[in-house]
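A.B. asks: Take this structure first; my questions come after.
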Amino acid sequence: MTREEIIKPENLVYSKTKVLTDTVMHYCPGCGHGTTHRLVAEVIDEMGIQSETLGVAPVGCAVLAYNYFDVDIAEAAHGRAPALATAMKRLRPEKFVFTYQGDGDLAAIGTGETIHACNRGENITIIFVNNGIYGMTGGQMAPTTLEGMVTATSPYGREQQFNGHPLKITELVAQLPGTYYVTRQAVYTPALVRRAKKAIRQAFEYQKLNKGVTFVEIVSNCNSGWKMSPVKANEWLEENMLPFYPLGDLKVPEKE
């Protein structure tokens, strides 16, 4: 089969969504950020809401998210994405508003904004990528770092008596009255990618109801920060991250 035949519309099985730009992503090979970006963009495209969507980019690995999504995106100071998203949604309540944040941004410096936006029940969608480490700044320990996990600032492993317990912030926000839908997914296998996309679509659909925050955590690897190959990082994620951060829905709307 020639290239011309392959790219005929009737032969295509996959093509890049128009909601992603042609900018080459800066993420490390094997990182879950690129896949998660694609899923968010595909959901926006398939829902037909590209012109009606506003995003908020964080500080951290996804700091350049505004280069990759072809929607209107504002850059928030470190951890402040939910506060900025709150203002955007209140000023333009007819828009779909989402934040895209890592664990350092959302669960460390941004804990206050996250908790209070969720408690207030702001009608926004939060996409939270948890790789258990500060990936962009050199692999330091994060609030989500597992006990015993080696990082640049915990070279002998995280110790509870010195560093405290890992923070399960998704379980925490699920208890707040202002959250409407809270789920934890992953993207390191094709089947999990499909499940994650369904969850992201659900989060955006629920935003139409104006019932509060929809919150999607994506448990991801950080092969660079973890000092592993992408394959080994995925294996480590499955063996270590998922027992502590189990996948599935934490809060779903009651049937009316």
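Residue numbering restarts at 1 for every chain of the structure tokens, chains are lettered A, B, ... in their displayed order, and ligands are numbered from 1 as they appear.
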Contacts of range 135-149 of chain A at 12 Å or less, counting only C-alpha atoms, minus same-chain residues fewer than 6 places along, as a VMD selection string?

C.D. replies: chain A and resid 26 to 28 31 to 33 58 to 64 102 to 111 128 to 129 155 to 170 219 to 227 236 to 237 240 to 245

A.B. asks: Now that the selection is made, can you save its residues with C-alpha atoms as a PDB file, in the first residue's frame?

C.D. replies:
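The result, written out as result-v2.pdb:
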ATOM      1  CA  HIS A  26       8.574  19.152  25.358  1.00  0.00           C
ATOM      2  CA  TYR A  27       7.594  16.206  27.563  1.00  0.00           C
ATOM      3  CA  CYS A  28      10.047  13.371  28.140  1.00  0.00           C
ATOM      4  CA  CYS A  31       5.580  10.645  30.033  1.00  0.00           C
ATOM      5  CA  GLY A  32       1.842  10.513  30.673  1.00  0.00           C
ATOM      6  CA  HIS A  33       1.379  14.238  30.103  1.00  0.00           C
ATOM      7  CA  PRO A  58      -0.029  25.652  35.725  1.00  0.00           C
ATOM      8  CA  VAL A  59       3.589  26.024  36.730  1.00  0.00           C
ATOM      9  CA  GLY A  60       5.592  22.820  36.505  1.00  0.00           C
ATOM     10  CA  CYS A  61       5.978  20.240  33.743  1.00  0.00           C
ATOM     11  CA  ALA A  62       2.762  21.405  32.064  1.00  0.00           C
ATOM     12  CA  VAL A  63       3.725  25.083  32.192  1.00  0.00           C
ATOM     13  CA  LEU A  64       3.703  25.234  28.386  1.00  0.00           C
ATOM     14  CA  GLY A 102       0.590  18.532  38.366  1.00  0.00           C
ATOM     15  CA  ASP A 103       0.862  17.315  41.949  1.00  0.00           C
ATOM     16  CA  GLY A 104       3.410  19.950  42.989  1.00  0.00           C
ATOM     17  CA  ASP A 105       1.208  22.722  41.612  1.00  0.00           C
ATOM     18  CA  LEU A 106      -2.120  21.375  42.878  1.00  0.00           C
ATOM     19  CA  ALA A 107      -1.236  19.527  46.079  1.00  0.00           C
ATOM     20  CA  ALA A 108       1.661  21.586  47.454  1.00  0.00           C
ATOM     21  CA  ILE A 109       1.754  25.328  46.840  1.00  0.00           C
ATOM     22  CA  GLY A 110      -1.804  25.223  45.489  1.00  0.00           C
ATOM     23  CA  THR A 111      -3.414  23.203  48.278  1.00  0.00           C
ATOM     24  CA  PHE A 128      -4.707  16.554  38.006  1.00  0.00           C
ATOM     25  CA  VAL A 129      -1.605  14.624  36.901  1.00  0.00           C
ATOM     26  CA  PRO A 155      17.931  10.121  48.869  1.00  0.00           C
ATOM     27  CA  TYR A 156      17.268   7.397  51.459  1.00  0.00           C
ATOM     28  CA  GLY A 157      13.549   7.293  50.755  1.00  0.00           C
ATOM     29  CA  ARG A 158      10.660   9.266  52.180  1.00  0.00           C
ATOM     30  CA  GLU A 159      10.378   8.706  55.935  1.00  0.00           C
ATOM     31  CA  GLN A 160       7.062   9.348  57.613  1.00  0.00           C
ATOM     32  CA  GLN A 161       8.560  10.571  60.889  1.00  0.00           C
ATOM     33  CA  PHE A 162      10.546  13.275  59.094  1.00  0.00           C
ATOM     34  CA  ASN A 163       8.522  13.989  55.970  1.00  0.00           C
ATOM     35  CA  GLY A 164       4.968  13.130  56.940  1.00  0.00           C
ATOM     36  CA  HIS A 165       2.524  10.916  55.120  1.00  0.00           C
ATOM     37  CA  PRO A 166       1.929  11.096  51.360  1.00  0.00           C
ATOM     38  CA  LEU A 167      -1.066  13.320  50.657  1.00  0.00           C
ATOM     39  CA  LYS A 168      -4.100  11.662  49.090  1.00  0.00           C
ATOM     40  CA  ILE A 169      -5.623  14.943  48.020  1.00  0.00           C
ATOM     41  CA  THR A 170      -8.107  13.305  45.664  1.00  0.00           C
ATOM     42  CA  VAL A 219      -1.707   8.660  38.002  1.00  0.00           C
ATOM     43  CA  SER A 220       1.355   8.957  35.767  1.00  0.00           C
ATOM     44  CA  ASN A 221       5.001   8.012  35.641  1.00  0.00           C
ATOM     45  CA  CYS A 222       8.023  10.311  35.648  1.00  0.00           C
ATOM     46  CA  ASN A 223      10.737   8.199  34.108  1.00  0.00           C
ATOM     47  CA  SER A 224      13.216  11.087  34.156  1.00  0.00           C
ATOM     48  CA  GLY A 225      12.601  11.976  37.797  1.00  0.00           C
ATOM     49  CA  TRP A 226      12.388   8.341  38.818  1.00  0.00           C
ATOM     50  CA  LYS A 227      15.630   7.586  36.911  1.00  0.00           C
ATOM     51  CA  TRP A 236       7.061   0.673  38.988  1.00  0.00           C
ATOM     52  CA  LEU A 237       3.884   2.739  38.736  1.00  0.00           C
ATOM     53  CA  ASN A 240       3.954   0.839  43.774  1.00  0.00           C
ATOM     54  CA  MET A 241       1.772   3.830  42.891  1.00  0.00           C
ATOM     55  CA  LEU A 242      -1.498   2.028  42.224  1.00  0.00           C
ATOM     56  CA  PRO A 243      -1.693   0.126  45.541  1.00  0.00           C
ATOM     57  CA  PHE A 244      -1.534   3.492  47.316  1.00  0.00           C
ATOM     58  CA  TYR A 245      -3.487   5.465  44.689  1.00  0.00           C
TER      59      TYR A 245
END

A.B. asks: Run DSSP on the backbone and tell me which residues of range 61-130 of chain A come out as helix (DSSP H, G or I); list them as number ranges by chain.

C.D. replies: A: 65-67, 81-91, 103-109, 111-120

A.B. asks: Put those residues in a file: C-alpha atoms, as a compact mmCIF listing (two decimals), in the first residue's frame.

C.D. replies:
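Saved as part01.txt:
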# COMPACT_ATOMS: atom_id res chain seq x y z
CA ALA A 65 0.25 23.69 28.00
CA TYR A 66 -0.93 26.88 26.33
CA ASN A 67 1.33 26.05 23.39
CA ALA A 81 -5.06 27.75 38.72
CA PRO A 82 -8.32 26.99 40.60
CA ALA A 83 -8.54 30.62 41.75
CA LEU A 84 -8.06 31.90 38.21
CA ALA A 85 -10.50 29.32 36.86
CA THR A 86 -13.03 30.46 39.46
CA ALA A 87 -12.85 34.02 38.15
CA MET A 88 -13.09 32.90 34.52
CA LYS A 89 -16.14 30.71 35.16
CA ARG A 90 -17.93 33.34 37.22
CA LEU A 91 -17.32 35.98 34.57
CA ASP A 103 0.86 17.32 41.95
CA GLY A 104 3.41 19.95 42.99
CA ASP A 105 1.21 22.72 41.61
CA LEU A 106 -2.12 21.37 42.88
CA ALA A 107 -1.24 19.53 46.08
CA ALA A 108 1.66 21.59 47.45
CA ILE A 109 1.75 25.33 46.84
CA THR A 111 -3.41 23.20 48.28
CA GLY A 112 -5.37 26.19 49.57
CA GLU A 113 -6.78 27.11 46.17
CA THR A 114 -7.63 23.49 45.41
CA ILE A 115 -9.41 22.83 48.70
CA HIS A 116 -11.39 26.05 48.77
CA ALA A 117 -12.45 25.95 45.10
CA CYS A 118 -13.65 22.39 45.68
CA ASN A 119 -15.38 23.31 48.92
CA ARG A 120 -17.14 26.28 47.31

A.B. asks: Quick one: pull the distance between CA of Ile49 in chain A and CA of Glu94 in chain A, Å, one decimal.

C.D. replies: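 Computing the Euclidean distance for CA of Ile49 in chain A and CA of Glu94 in chain A yields 11.1 Å.
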
A.B. asks: With distances taken over only C-alpha atoms, which of A:Glu238, A:Thr21, A:Gly55, A:Thr214 is nearest to Arg201 in chain A?

C.D. replies: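 Nearest candidate to Arg201 in chain A out of A:Glu238, A:Thr21, A:Gly55, A:Thr214: A:Thr214.
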
A.B. asks: Check the DSSP output for the backbone and give back, as a VMD selection string, the residues of range 65-192 of chain A in strand (DSSP E).

C.D. replies: chain A and resid 72 to 75 96 to 102 125 to 130 179 to 186

A.B. asks: Could those residues be written to a file, using C-alpha atoms, as a short mmCIF file (atom, residue, chain, number, x, y, z; two decimals), in the first residue's frame?

C.D. replies:
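Contents of again39.cif, freshly written:
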data_model
loop_
_atom_site.label_atom_id
_atom_site.label_comp_id
_atom_site.auth_asym_id
_atom_site.auth_seq_id
_atom_site.Cartn_x
_atom_site.Cartn_y
_atom_site.Cartn_z
CA ASP A 72 -8.03 30.20 24.97
CA ILE A 73 -5.69 29.49 27.91
CA ALA A 74 -4.45 31.70 30.72
CA GLU A 75 -1.25 31.07 32.68
CA PHE A 96 -16.36 25.23 29.79
CA VAL A 97 -13.43 25.98 32.11
CA PHE A 98 -10.71 23.53 33.05
CA THR A 99 -7.39 23.58 34.87
CA TYR A 100 -4.51 21.26 34.05
CA GLN A 101 -2.15 20.77 37.01
CA GLY A 102 0.59 18.53 38.37
CA THR A 125 -13.13 20.79 35.76
CA ILE A 126 -9.73 20.04 37.31
CA ILE A 127 -7.35 17.68 35.51
CA PHE A 128 -4.71 16.55 38.01
CA VAL A 129 -1.61 14.62 36.90
CA ASN A 130 0.04 12.82 39.83
CA THR A 179 -17.30 18.33 44.43
CA TYR A 180 -19.74 16.58 42.11
CA TYR A 181 -17.59 13.99 40.35
CA VAL A 182 -14.17 12.76 41.50
CA THR A 183 -12.25 9.95 39.82
CA ARG A 184 -8.73 8.54 39.55
CA GLN A 185 -7.45 7.08 36.27
CA ALA A 186 -4.18 6.23 34.49
#

A.B. asks: Might you pull out every residue within 6 Å of range 13-19 of chain A, with only C-alpha atoms counted and same-chain residues fewer than 2 positions away left off, and present them as a list in words?

C.D. replies: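 Near range 13-19 of chain A, the qualifying residues are Ala41, Glu42, Phe69 and Asp70 of chain A.
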
A.B. asks: Could you tell me how far CA of Gly132 in chain A lies from CA of Lys198 in chain A, in Å and to one decimal?

C.D. replies: 23.6 Å

A.B. asks: Hey, which of A:Gly212, A:Lys251, A:Val56, A:Tyr68 ends up closest to Thr23 in chain A? Count only C-alpha atoms.

C.D. replies: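 Among the listed residues, A:Tyr68 lies closest to Thr23 in chain A.
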
A.B. asks: Looking at A:Leu192, A:Val40, A:Met47, A:Val24, which one is nearest to Lys208 in chain A, with distances taken over only C-alpha atoms?

C.D. replies: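 Ranked by minimum distance to Lys208 in chain A, first place goes to A:Met47.
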
A.B. asks: One number please: CA of Ala196 in chain A to CA of Gly248 in chain A, in Å, one decimal.

C.D. replies: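 We find that CA of Ala196 in chain A and CA of Gly248 in chain A lie 9.8 Å from each other.
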
A.B. asks: Determine, counting only C-alpha atoms, which protein, DNA and RNA residues have an atom within 7 Å of an atom of Asn123 in chain A; residues of the same chain fewer than 6 positions away are not included. Present the result as a PyMOL selection string.

C.D. replies: chain A and resi 207+210-213

A.B. asks: Measuring between only C-alpha atoms, which one of A:Leu247, A:Val187, A:Met25, A:Ala152 shows the shortest distance to Asn234 in chain A?

C.D. replies: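 Smallest distance to Asn234 in chain A is found for A:Val187.
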